[in-house]
>>> print(open('query.cif').read())   # mmCIF, C-alpha atoms
data_structure
loop_
_atom_site.label_atom_id
_atom_site.label_comp_id
_atom_site.auth_asym_id
_atom_site.auth_seq_id
_atom_site.Cartn_x
_atom_site.Cartn_y
_atom_site.Cartn_z
CA MET Q 1 3.51 -52.83 -41.96
CA SER Q 2 3.42 -54.14 -38.38
CA GLU Q 3 0.17 -54.72 -36.53
CA ALA Q 4 -0.07 -51.37 -34.81
CA ALA Q 5 1.03 -49.23 -37.74
CA ALA Q 6 -2.37 -49.35 -39.42
CA HIS Q 7 -3.99 -47.85 -36.33
CA ASP Q 8 -1.31 -45.28 -35.52
CA ALA Q 9 -0.61 -41.85 -36.99
CA PRO Q 10 0.50 -42.06 -40.65
CA THR Q 11 4.25 -42.13 -41.22
CA SER Q 12 6.39 -41.81 -44.33
CA THR Q 13 8.48 -44.82 -43.30
CA GLY Q 14 5.62 -47.15 -42.35
CA ILE Q 15 7.20 -47.46 -38.92
CA GLU Q 16 5.42 -46.11 -35.84
CA HIS Q 17 7.03 -42.88 -34.56
CA LYS Q 18 7.52 -44.20 -31.02
CA LYS Q 19 9.25 -47.31 -32.25
CA LEU Q 20 11.48 -45.42 -34.67
CA ILE Q 21 12.54 -42.96 -31.97
CA MET Q 22 13.27 -45.80 -29.56
CA TRP Q 23 15.46 -47.54 -32.16
CA LEU Q 24 17.33 -44.29 -32.82
CA PHE Q 25 17.87 -43.87 -29.08
CA LEU Q 26 19.10 -47.47 -28.79
CA ALA Q 27 21.47 -46.87 -31.69
CA SER Q 28 22.98 -43.87 -29.90
CA ASP Q 29 23.13 -45.83 -26.63
CA CYS Q 30 24.93 -48.58 -28.52
CA MET Q 31 27.71 -46.15 -29.42
CA PHE Q 32 27.77 -44.90 -25.82
CA PHE Q 33 28.30 -48.41 -24.43
CA GLY Q 34 30.75 -49.16 -27.25
CA THR Q 35 32.92 -46.32 -26.00
CA LEU Q 36 32.67 -47.42 -22.35
CA ILE Q 37 33.57 -51.02 -23.18
CA SER Q 38 36.45 -49.89 -25.41
CA THR Q 39 37.79 -47.67 -22.64
CA HIS Q 40 37.66 -50.49 -20.11
CA LEU Q 41 39.45 -52.94 -22.42
CA LEU Q 42 42.07 -50.38 -23.38
CA TYR Q 43 42.93 -49.57 -19.78
CA ARG Q 44 42.95 -53.25 -18.83
CA LYS Q 45 45.66 -53.65 -21.44
CA LEU Q 46 47.57 -50.64 -20.13
CA TYR Q 47 47.27 -51.68 -16.47
CA PRO Q 48 47.10 -55.48 -16.49
CA THR Q 49 48.11 -56.02 -12.87
CA GLY Q 50 44.88 -54.99 -11.21
CA PHE Q 51 44.88 -52.54 -8.33
CA THR Q 52 46.45 -51.69 -4.98
CA ASP Q 53 44.19 -51.93 -1.91
CA ALA Q 54 44.15 -49.66 1.13
CA GLU Q 55 46.93 -51.67 2.84
CA GLY Q 56 49.16 -51.24 -0.19
CA HIS Q 57 48.86 -54.85 -1.37
CA GLN Q 58 48.78 -55.59 -5.07
CA ARG Q 59 45.44 -57.28 -5.87
CA PHE Q 60 44.24 -59.21 -8.89
CA ILE Q 61 40.79 -58.74 -10.34
CA GLN Q 62 40.36 -62.51 -10.73
CA ASN Q 63 40.41 -62.81 -6.92
CA LEU Q 64 37.48 -60.44 -6.68
CA PHE Q 65 35.33 -61.79 -9.48
CA ASN Q 66 32.80 -64.40 -8.54
CA ILE Q 67 32.08 -66.12 -11.84
CA GLU Q 68 29.25 -68.20 -10.33
CA LEU Q 69 27.39 -65.08 -9.21
CA THR Q 70 27.96 -63.27 -12.50
CA SER Q 71 26.85 -66.32 -14.50
CA PHE Q 72 23.72 -66.54 -12.38
CA SER Q 73 22.85 -62.88 -12.93
CA THR Q 74 23.54 -63.27 -16.66
CA PHE Q 75 21.15 -66.20 -16.82
CA ILE Q 76 18.54 -64.21 -14.89
CA LEU Q 77 18.80 -61.28 -17.29
CA LEU Q 78 18.51 -63.55 -20.35
CA MET Q 79 15.40 -65.18 -18.94
CA SER Q 80 13.92 -61.78 -18.11
CA SER Q 81 14.34 -60.91 -21.77
CA PHE Q 82 12.42 -64.07 -22.67
CA LEU Q 83 9.58 -63.10 -20.31
CA MET Q 84 9.57 -59.60 -21.80
CA ALA Q 85 9.13 -61.08 -25.29
CA LEU Q 86 6.19 -63.10 -23.96
CA ALA Q 87 4.72 -59.97 -22.31
CA VAL Q 88 4.87 -58.07 -25.60
CA SER Q 89 3.30 -61.03 -27.42
CA ALA Q 90 0.51 -61.22 -24.82
CA MET Q 91 -0.17 -57.51 -25.20
CA HIS Q 92 -0.43 -57.86 -28.97
CA LYS Q 93 -3.00 -60.60 -28.44
CA GLY Q 94 -4.88 -58.44 -25.94
CA GLN Q 95 -4.26 -60.90 -23.06
CA ILE Q 96 -3.81 -58.40 -20.25
CA LYS Q 97 -3.58 -61.00 -17.47
CA SER Q 98 -0.82 -62.85 -19.26
CA PHE Q 99 0.92 -59.52 -19.84
CA ARG Q 100 0.79 -58.69 -16.12
CA ARG Q 101 2.11 -62.12 -15.15
CA ASN Q 102 5.06 -61.89 -17.52
CA VAL Q 103 5.88 -58.29 -16.65
CA LEU Q 104 5.88 -59.16 -12.95
CA GLY Q 105 8.41 -61.89 -13.79
CA VAL Q 106 10.58 -59.40 -15.67
CA ILE Q 107 10.45 -56.93 -12.76
CA PHE Q 108 11.31 -59.71 -10.30
CA PHE Q 109 14.28 -60.91 -12.40
CA GLY Q 110 15.43 -57.32 -12.93
CA LEU Q 111 15.43 -56.74 -9.19
CA ILE Q 112 17.42 -59.96 -8.64
CA PHE Q 113 19.98 -58.75 -11.18
CA LEU Q 114 20.24 -55.39 -9.44
CA GLY Q 115 20.58 -57.15 -6.07
CA CYS Q 116 23.47 -59.23 -7.44
CA GLN Q 117 25.14 -56.08 -8.71
CA VAL Q 118 24.76 -54.27 -5.39
CA PHE Q 119 26.22 -57.33 -3.62
CA GLU Q 120 29.12 -57.44 -6.08
CA PHE Q 121 29.89 -53.73 -5.77
CA THR Q 122 29.77 -53.91 -1.97
CA HIS Q 123 32.08 -56.93 -1.95
CA PHE Q 124 34.55 -55.24 -4.30
CA TYR Q 125 34.49 -52.05 -2.23
CA HIS Q 126 35.27 -53.95 0.97
CA GLN Q 127 38.10 -55.73 -0.84
CA GLY Q 128 39.64 -52.34 -1.64
CA LEU Q 129 38.53 -51.69 -5.23
CA THR Q 130 37.02 -48.22 -5.35
CA ILE Q 131 36.18 -45.90 -8.21
CA GLN Q 132 39.03 -43.60 -7.16
CA ASN Q 133 41.97 -45.83 -6.27
CA SER Q 134 42.68 -47.32 -9.68
CA VAL Q 135 41.99 -46.97 -13.38
CA LEU Q 136 40.53 -50.48 -13.27
CA GLY Q 137 38.06 -49.41 -10.56
CA SER Q 138 37.09 -46.29 -12.51
CA THR Q 139 36.40 -48.04 -15.80
CA PHE Q 140 34.78 -51.09 -14.21
CA TYR Q 141 32.37 -49.18 -11.96
CA VAL Q 142 31.47 -46.63 -14.65
CA LEU Q 143 30.76 -49.35 -17.23
CA THR Q 144 28.82 -51.79 -15.05
CA GLY Q 145 27.24 -48.97 -13.04
CA THR Q 146 25.92 -47.31 -16.21
CA HIS Q 147 24.48 -50.64 -17.28
CA GLY Q 148 22.94 -51.14 -13.81
CA THR Q 149 21.37 -47.67 -14.04
CA HIS Q 150 19.79 -48.70 -17.35
CA VAL Q 151 18.40 -51.84 -15.69
CA ALA Q 152 17.01 -49.78 -12.80
CA ILE Q 153 15.31 -47.37 -15.24
CA GLY Q 154 13.86 -50.37 -17.09
CA VAL Q 155 12.51 -51.89 -13.88
CA LEU Q 156 10.92 -48.56 -12.92
CA TRP Q 157 9.36 -48.22 -16.38
CA LEU Q 158 7.89 -51.74 -16.19
CA ILE Q 159 6.55 -51.18 -12.66
CA LEU Q 160 4.75 -48.07 -13.95
CA LEU Q 161 3.36 -50.04 -16.92
CA TYR Q 162 2.22 -52.82 -14.60
CA PHE Q 163 0.22 -50.48 -12.37
CA TYR Q 164 -1.02 -48.50 -15.36
CA SER Q 165 -2.51 -51.71 -16.76
CA PHE Q 166 -5.02 -51.70 -13.86
CA SER Q 167 -6.36 -48.30 -14.93
CA GLY Q 168 -8.08 -49.90 -17.92
CA LYS Q 169 -6.33 -47.53 -20.32
CA LEU Q 170 -3.66 -50.02 -21.38
CA GLN Q 171 -5.50 -51.68 -24.22
CA GLY Q 172 -5.62 -51.67 -27.97
CA HIS Q 173 -2.88 -51.24 -30.55
CA VAL Q 174 -1.44 -48.03 -29.14
CA ALA Q 175 -0.94 -49.68 -25.73
CA ALA Q 176 0.63 -52.70 -27.40
CA LEU Q 177 3.08 -50.35 -29.09
CA ASP Q 178 3.91 -48.71 -25.73
CA VAL Q 179 4.67 -52.13 -24.27
CA GLU Q 180 6.72 -53.07 -27.34
CA VAL Q 181 8.83 -49.92 -26.97
CA ALA Q 182 9.45 -50.71 -23.29
CA GLY Q 183 10.35 -54.24 -24.38
CA LEU Q 184 12.90 -52.93 -26.90
CA TYR Q 185 14.61 -51.00 -24.13
CA TRP Q 186 14.68 -54.05 -21.87
CA HIS Q 187 16.11 -56.31 -24.59
CA PHE Q 188 18.78 -53.72 -25.32
CA VAL Q 189 19.87 -53.80 -21.69
CA ASP Q 190 20.16 -57.56 -22.09
CA ILE Q 191 22.29 -57.47 -25.26
CA VAL Q 192 24.66 -54.95 -23.69
CA TRP Q 193 25.14 -57.34 -20.78
CA ILE Q 194 25.87 -60.20 -23.20
CA ILE Q 195 28.89 -58.21 -24.43
CA ILE Q 196 29.94 -57.01 -20.96
CA PHE Q 197 29.79 -60.57 -19.60
CA THR Q 198 32.31 -61.75 -22.19
CA ALA Q 199 34.49 -58.65 -22.54
CA VAL Q 200 34.78 -57.78 -18.85
CA TYR Q 201 34.29 -61.02 -16.92
CA LEU Q 202 35.01 -64.15 -19.00
CA VAL Q 203 38.23 -62.88 -20.63
CA GLU Q 204 39.84 -62.52 -17.21
CA TYR Q 205 39.91 -66.32 -16.89
CA LEU Q 206 41.57 -67.10 -20.22
CA GLY Q 207 44.95 -68.80 -20.54
CA PRO Q 208 47.48 -69.80 -17.89
CA ASN Q 209 48.54 -66.17 -17.30
CA GLY Q 210 45.19 -64.48 -17.72
CA PHE Q 211 44.19 -62.74 -20.92
CA TRP Q 212 45.97 -59.52 -20.01
CA GLY Q 213 49.19 -61.33 -19.16
CA SER Q 214 49.10 -60.34 -15.51
CA GLY Q 215 49.41 -63.95 -14.36
CA LEU Q 216 46.60 -65.75 -12.60
CA PRO Q 217 47.00 -65.20 -8.86
CA PRO Q 218 46.74 -67.84 -6.16
CA VAL Q 219 43.14 -68.43 -5.16
CA ILE Q 220 42.36 -66.30 -2.10
CA LYS Q 221 39.07 -64.81 -1.06
CA MET L 1 -15.34 -62.49 -42.60
CA SER L 2 -12.19 -60.74 -43.72
CA ASP L 3 -11.51 -59.51 -40.17
CA LEU L 4 -11.96 -63.02 -38.85
CA THR L 5 -9.43 -64.38 -41.34
CA HIS L 6 -7.03 -61.59 -40.45
CA ASP L 7 -7.41 -62.27 -36.72
CA ARG L 8 -6.80 -65.98 -37.23
CA ALA L 9 -3.68 -65.30 -39.30
CA PHE L 10 -2.47 -62.81 -36.70
CA LEU L 11 -2.99 -65.28 -33.84
CA ALA L 12 -1.27 -68.05 -35.82
CA GLU L 13 1.71 -65.74 -36.39
CA GLU L 14 1.86 -64.81 -32.68
CA THR L 15 1.76 -68.50 -31.72
CA ARG L 16 4.58 -69.22 -34.16
CA ARG L 17 6.65 -66.42 -32.61
CA TYR L 18 5.85 -67.76 -29.13
CA HIS L 19 7.49 -71.07 -30.05
CA HIS L 20 10.47 -69.25 -31.52
CA PHE L 21 10.90 -67.34 -28.25
CA ILE L 22 10.90 -70.54 -26.18
CA THR L 23 13.44 -72.22 -28.47
CA LEU L 24 15.63 -69.13 -28.42
CA ALA L 25 15.51 -68.84 -24.61
CA LEU L 26 16.66 -72.46 -24.31
CA TRP L 27 19.51 -71.87 -26.76
CA LEU L 28 20.60 -68.72 -24.92
CA ALA L 29 20.77 -70.66 -21.64
CA VAL L 30 22.74 -73.50 -23.24
CA ILE L 31 25.19 -71.14 -24.97
CA THR L 32 25.79 -69.18 -21.74
CA GLY L 33 26.49 -72.46 -19.93
CA ALA L 34 28.88 -73.49 -22.71
CA GLU L 35 30.74 -70.17 -22.43
CA ILE L 36 31.32 -70.70 -18.72
CA VAL L 37 32.56 -74.27 -19.24
CA LEU L 38 34.76 -73.16 -22.13
CA ILE L 39 36.94 -70.78 -20.11
CA PHE L 40 38.03 -73.62 -17.82
CA LEU L 41 38.93 -76.07 -20.62
CA PRO L 42 42.62 -76.69 -21.42
CA VAL L 43 42.32 -75.24 -24.90
CA PRO L 44 44.60 -72.60 -26.49
CA MET L 45 43.59 -69.09 -25.49
CA ALA L 46 43.21 -67.89 -29.08
CA VAL L 47 40.71 -70.67 -29.78
CA VAL L 48 38.69 -70.00 -26.62
CA LEU L 49 38.67 -66.26 -27.28
CA SER L 50 37.53 -66.74 -30.88
CA VAL L 51 34.74 -69.09 -29.82
CA LEU L 52 33.65 -66.73 -27.01
CA ILE L 53 33.45 -63.80 -29.44
CA LEU L 54 31.46 -65.90 -31.93
CA LEU L 55 29.04 -67.11 -29.24
CA SER L 56 28.54 -63.58 -27.85
CA VAL L 57 27.91 -62.15 -31.31
CA GLY L 58 25.48 -65.02 -31.98
CA LYS L 59 23.57 -64.34 -28.74
CA PHE L 60 23.60 -60.61 -29.43
CA PHE L 61 22.06 -60.97 -32.88
CA ALA L 62 19.64 -63.70 -31.81
CA VAL L 63 18.12 -61.42 -29.16
CA THR L 64 18.16 -58.46 -31.55
CA LEU L 65 16.51 -60.32 -34.40
CA TRP L 66 13.87 -62.37 -32.58
CA PHE L 67 13.19 -60.87 -29.14
CA MET L 68 13.46 -57.31 -30.52
CA HIS L 69 11.43 -58.30 -33.61
CA LEU L 70 13.99 -56.96 -36.10
CA ILE L 71 13.47 -60.04 -38.24
CA TYR L 72 9.72 -59.33 -38.42
CA ASP L 73 9.88 -55.51 -38.66
CA LYS L 74 10.81 -53.08 -41.42
CA ARG L 75 14.34 -53.47 -42.79
CA LEU L 76 15.06 -49.77 -42.08
CA LEU L 77 15.21 -50.47 -38.33
CA PHE L 78 17.80 -53.18 -38.91
CA TRP L 79 19.98 -50.80 -40.95
CA ILE L 80 19.68 -48.04 -38.33
CA PHE L 81 20.86 -50.39 -35.62
CA LEU L 82 23.57 -51.95 -37.77
CA SER L 83 24.91 -48.48 -38.60
CA ALA L 84 25.24 -47.75 -34.89
CA LEU L 85 27.02 -51.08 -34.35
CA VAL L 86 29.47 -50.28 -37.13
CA LEU L 87 30.13 -46.85 -35.60
CA ALA L 88 30.65 -48.42 -32.16
CA LEU L 89 33.07 -50.95 -33.63
CA ALA L 90 34.88 -48.16 -35.51
CA THR L 91 35.18 -46.22 -32.24
CA PHE L 92 36.70 -49.27 -30.60
CA THR L 93 39.17 -49.77 -33.48
CA ALA L 94 40.10 -46.08 -33.52
CA LEU L 95 40.69 -46.02 -29.77
CA ILE L 96 42.91 -49.09 -29.93
CA ALA L 97 44.82 -47.67 -32.90
CA LEU L 98 45.25 -44.16 -31.47
CA LEU L 99 46.12 -45.31 -27.97
CA ASN L 100 48.20 -48.30 -28.95
CA PRO L 101 49.08 -49.81 -25.57
CA ALA L 102 52.51 -50.86 -26.80
CA ALA L 103 53.39 -47.25 -27.63
CA VAL L 104 52.18 -45.68 -24.36
CA ASP L 105 54.70 -45.11 -21.61
CA THR L 106 52.59 -45.86 -18.55
CA LYS L 107 55.17 -44.58 -16.07
CA TRP L 108 53.81 -41.08 -16.63
CA PHE L 109 50.39 -42.17 -15.42
CA SER L 110 51.34 -44.27 -12.41
#
>>> encode(input="query.cif", output="structure tokens")
Amino acid sequence: MSEAAAHDAPTSTGIEHKKLIMWLFLASDCMFFGTLISTHLLYRKLYPTGFTDAEGHQRFIQNLFNIELTSFSTFILLMSSFLMALAVSAMHKGQIKSFRRNVLGVIFFGLIFLGCQVFEFTHFYHQGLTIQNSVLGSTFYVLTGTHGTHVAIGVLWLILLYFYSFSGKLQGHVAALDVEVAGLYWHFVDIVWIIIFTAVYLVEYLGPNGFWGSGLPPVIK
Amino acid sequence: MSDLTHDRAFLAEETRRYHHFITLALWLAVITGAEIVLIFLPVPMAVVLSVLILLSVGKFFAVTLWFMHLIYDKRLLFWIFLSALVLALATFTALIALLNPAAVDTKWFS
């Protein structure tokens, strides 16, 4: 039995209700993202050439992607996950100040990630990739946008927890469980991005003709 | 006395986890860096793709097991999550099989 279970309501599984429900939610969300990622990959295969911009020019997705920026935001999200693990650990030990410090770090990193995504979306939009003008745009924006929405919800949740910690009510095993559940959600957002980073971004740079066989375009920005 | 022993054991366990988290964070950063370098290396695409998939799956399970405490928690949680992963993978396989890109005439969609 984990630390909080002994102090929580009795369960037939020995797992706290909140934690079990969160894991069931994450399992369903896993299938949801699985479908979105599958759809994106399938349509990339069907339409390997990219999209047509407003001027009628054929554009390649590799010209739009900024691998440096995406790598940076990936690193930021991974490190935010690390800080979240430390925040949960601090809460279990009853170190509220350490918890606040780490959660502030997670919020800060989450906001940086969201800023990078807003910048990326704006750049893509100005380059002619919209959600309506191509299948690529539709699947890309829906997939990464849904993930971004999850990040935004996570940031909001952690901001609320941070301010709630000043009320004096965030203490004891039940509070530690609340923080752990929020942490599970945040880590899930991170593992989804690990898959998206490889399946959506990195594969576009593979091989002399690109993974989808569209041919790597000349480098223009 | 018993409580004191329990508290000490609990704190020792948390400290041990703390070190695991730091080690894991370093590995995650190194692996992500390796992935980025890998895509620019003159290596056959099949090799790079296989390594990328392996590294991503490794990162995925590392975060799930340690950061999400699945390795420390009840086994039931692991099976719940694994079931969802299997279903997600089955969805992916079914979609690819049903909508086989080679068999779809895209002219009707363009």
>>> closest_atom_pairs(input="query.cif", of="stretch 47-81 of chain L", to="stretch 21-32 of chain L", cutoff="10 Å", atoms="only C-alpha atoms", output="JSON lines")
{"residue": "L:Leu52", "atom": "CA", "partner": "L:Ile31", "partner_atom": "CA", "distance": 9.8}
{"residue": "L:Leu55", "atom": "CA", "partner": "L:Ile31", "partner_atom": "CA", "distance": 7.0}
{"residue": "L:Ser56", "atom": "CA", "partner": "L:Thr32", "partner_atom": "CA", "distance": 8.7}
{"residue": "L:Gly58", "atom": "CA", "partner": "L:Ile31", "partner_atom": "CA", "distance": 9.3}
{"residue": "L:Lys59", "atom": "CA", "partner": "L:Leu28", "partner_atom": "CA", "distance": 6.5}
{"residue": "L:Phe60", "atom": "CA", "partner": "L:Leu28", "partner_atom": "CA", "distance": 9.8}
{"residue": "L:Ala62", "atom": "CA", "partner": "L:Leu24", "partner_atom": "CA", "distance": 7.6}
{"residue": "L:Val63", "atom": "CA", "partner": "L:Leu24", "partner_atom": "CA", "distance": 8.1}
{"residue": "L:Trp66", "atom": "CA", "partner": "L:Phe21", "partner_atom": "CA", "distance": 7.2}
{"residue": "L:Phe67", "atom": "CA", "partner": "L:Phe21", "partner_atom": "CA", "distance": 6.9}
>>> atom_distance(input="query.cif", atom1="atom CA of Q:Phe211", atom2="atom CA of L:Met45")
7.8 Å
>>> closest_residue(input="query.cif", among="Q:Leu41, Q:Leu161, Q:Ser73, Q:Arg100", to="Q:Ile194", atoms="only C-alpha atoms")
Q:Ser73
>>> atom_distance(input="query.cif", atom1="atom CA of Q:Ile21", atom2="atom CA of Q:Leu104")
25.9 Å
>>> closest_atom_pairs(input="query.cif", of="chain Q", to="chain L", cutoff="8 Å", atoms="only C-alpha atoms", output="CSV")
residue,atom,partner,partner_atom,distance
Q:Met1,CA,L:Lys74,CA,7.3
Q:Ser2,CA,L:Asp73,CA,6.6
Q:Gly14,CA,L:Lys74,CA,7.9
Q:Ile15,CA,L:Lys74,CA,7.1
Q:Leu20,CA,L:Leu77,CA,7.3
Q:Trp23,CA,L:Leu77,CA,6.8
Q:Leu24,CA,L:Ile80,CA,7.1
Q:Leu26,CA,L:Phe81,CA,7.6
Q:Ala27,CA,L:Ala84,CA,5.0
Q:Ser28,CA,L:Ala84,CA,6.7
Q:Cys30,CA,L:Ala84,CA,6.4
Q:Met31,CA,L:Ala88,CA,4.6
Q:Phe32,CA,L:Ala88,CA,7.8
Q:Gly34,CA,L:Ala88,CA,5.0
Q:Thr35,CA,L:Thr91,CA,6.6
Q:Ser38,CA,L:Phe92,CA,5.2
Q:Thr39,CA,L:Leu95,CA,7.9
Q:Leu42,CA,L:Ile96,CA,6.7
Q:Lys45,CA,L:Pro101,CA,6.6
Q:Leu46,CA,L:Pro101,CA,5.7
Q:Ser71,CA,L:Ile36,CA,7.5
Q:Phe75,CA,L:Ala29,CA,6.6
Q:Leu78,CA,L:Leu28,CA,7.2
Q:Met79,CA,L:Ala25,CA,6.7
Q:Ser81,CA,L:Phe67,CA,7.5
Q:Phe82,CA,L:Ala25,CA,6.0
Q:Ala85,CA,L:Phe67,CA,5.6
Q:Leu86,CA,L:Tyr18,CA,7.0
Q:Ser89,CA,L:Glu14,CA,6.6
Q:Lys93,CA,L:Leu11,CA,7.1
Q:Gly183,CA,L:Met68,CA,7.5
Q:Leu184,CA,L:Met68,CA,5.7
Q:His187,CA,L:Met68,CA,6.6
Q:Phe188,CA,L:Thr64,CA,7.9
Q:Ile191,CA,L:Phe60,CA,5.4
Q:Ile194,CA,L:Ser56,CA,6.3
Q:Ile195,CA,L:Ser56,CA,6.4
Q:Thr198,CA,L:Ser56,CA,7.0
Q:Leu202,CA,L:Ile39,CA,7.0
Q:Val203,CA,L:Leu49,CA,7.5
Q:Tyr205,CA,L:Ile39,CA,6.3
Q:Leu206,CA,L:Ile39,CA,5.9
Q:Gly207,CA,L:Met45,CA,5.1
Q:Phe211,CA,L:Met45,CA,7.8
>>> atom_distance(input="query.cif", atom1="atom CA of Q:Gly128", atom2="atom CA of Q:Ala54")
5.9 Å
>>> residues_around(input="query.cif", residues="Q:Ala152", least_positions_apart="4", cutoff="10 Å", atoms="all atoms listed in the file", output="list in words")
Ile107, Gly110, Leu111, Phe113, Leu114, Thr146, His147, Gly148, Leu156, Trp157 and Leu158 of chain Q
>>> closest_residue(input="query.cif", among="Q:Gly94, Q:His40, Q:Lys18, Q:Thr52", to="Q:Gly172", atoms="all atoms listed in the file")
Q:Gly94
>>> residues_around(input="query.cif", residues="stretch 165-171 of chain Q", least_positions_apart="6", cutoff="12 Å", atoms="all atoms listed in the file", output="list in words")
Ala4, Ala90, Met91, His92, Lys93, Gly94, Gln95, Ile96, Lys97, Ser98, Phe99, Arg100, Arg101, Val103, Leu104, Leu158, Ile159, Leu177, Asp178 and Val179 of chain Q
>>> axis_aligned_box(input="query.cif", around="stretch 144-163 of chain Q", padding_each_side="8 Å", output="lines of an AutoDock Vina configuration file")
center_x = 14.5
center_y = -50.1
center_z = -14.9
size_x = 44.6
size_y = 21.5
size_z = 21.0
>>> resolve_selection(input="query.cif", expression="the PyMOL selection byres ((chain Q and resi 70) around 9)", output="list in words")
Phe65, Asn66, Ile67, Glu68, Leu69, Ser71, Phe72, Ser73, Thr74, Phe75, Cys116, Gln117, Glu120, Phe197 and Tyr201 of chain Q
>>> residues_around(input="query.cif", residues="Q:Tyr43", least_positions_apart="4", cutoff="8 Å", atoms="all atoms listed in the file", output="list in words")
Thr39, Tyr47, Pro48, Val135, Leu136 and Thr139 of chain Q
>>> decode(input="query.cif", residues="stretch 41-54 of chain Q", atoms="N, CA and C atoms", output="JSON list (two decimals), in the first residue's frame")
[["chain", "number", "residue", "atom", "x", "y", "z"],
["Q", 41, "LEU", "N", -0.44, 10.36, -39.02],
["Q", 41, "LEU", "CA", 0.53, 9.56, -39.77],
["Q", 41, "LEU", "C", -0.09, 8.99, -41.05],
["Q", 42, "LEU", "N", -1.33, 8.55, -40.92],
["Q", 42, "LEU", "CA", -2.02, 7.98, -42.08],
["Q", 42, "LEU", "C", -2.16, 9.01, -43.19],
["Q", 43, "TYR", "N", -2.59, 10.21, -42.82],
["Q", 43, "TYR", "CA", -2.78, 11.24, -43.84],
["Q", 43, "TYR", "C", -1.47, 11.82, -44.36],
["Q", 44, "ARG", "N", -0.42, 11.72, -43.55],
["Q", 44, "ARG", "CA", 0.90, 12.12, -44.07],
["Q", 44, "ARG", "C", 1.33, 11.17, -45.18],
["Q", 45, "LYS", "N", 0.97, 9.90, -44.99],
["Q", 45, "LYS", "CA", 1.30, 8.90, -46.01],
["Q", 45, "LYS", "C", 0.47, 9.14, -47.27],
["Q", 46, "LEU", "N", -0.80, 9.47, -47.08],
["Q", 46, "LEU", "CA", -1.69, 9.70, -48.23],
["Q", 46, "LEU", "C", -1.34, 10.98, -48.99],
["Q", 47, "TYR", "N", -0.95, 12.00, -48.26],
["Q", 47, "TYR", "CA", -0.62, 13.29, -48.87],
["Q", 47, "TYR", "C", 0.80, 13.68, -48.49],
["Q", 48, "PRO", "N", 1.80, 13.06, -49.12],
["Q", 48, "PRO", "CA", 3.18, 13.29, -48.67],
["Q", 48, "PRO", "C", 3.76, 14.64, -49.10],
["Q", 49, "THR", "N", 3.11, 15.33, -50.01],
["Q", 49, "THR", "CA", 3.77, 16.51, -50.58],
["Q", 49, "THR", "C", 3.58, 17.79, -49.78],
["Q", 50, "GLY", "N", 2.88, 17.76, -48.71],
["Q", 50, "GLY", "CA", 2.74, 18.97, -47.90],
["Q", 50, "GLY", "C", 1.45, 19.70, -48.15],
["Q", 51, "PHE", "N", 1.54, 20.98, -48.51],
["Q", 51, "PHE", "CA", 0.32, 21.77, -48.67],
["Q", 51, "PHE", "C", 0.53, 22.88, -49.70],
["Q", 52, "THR", "N", -0.55, 23.50, -50.11],
["Q", 52, "THR", "CA", -0.49, 24.61, -51.06],
["Q", 52, "THR", "C", -0.84, 25.89, -50.32],
["Q", 53, "ASP", "N", 0.04, 26.91, -50.41],
["Q", 53, "ASP", "CA", -0.22, 28.15, -49.67],
["Q", 53, "ASP", "C", -1.21, 29.05, -50.42],
["Q", 54, "ALA", "N", -1.46, 30.23, -49.88],
["Q", 54, "ALA", "CA", -2.47, 31.13, -50.43],
["Q", 54, "ALA", "C", -2.13, 31.57, -51.86]]
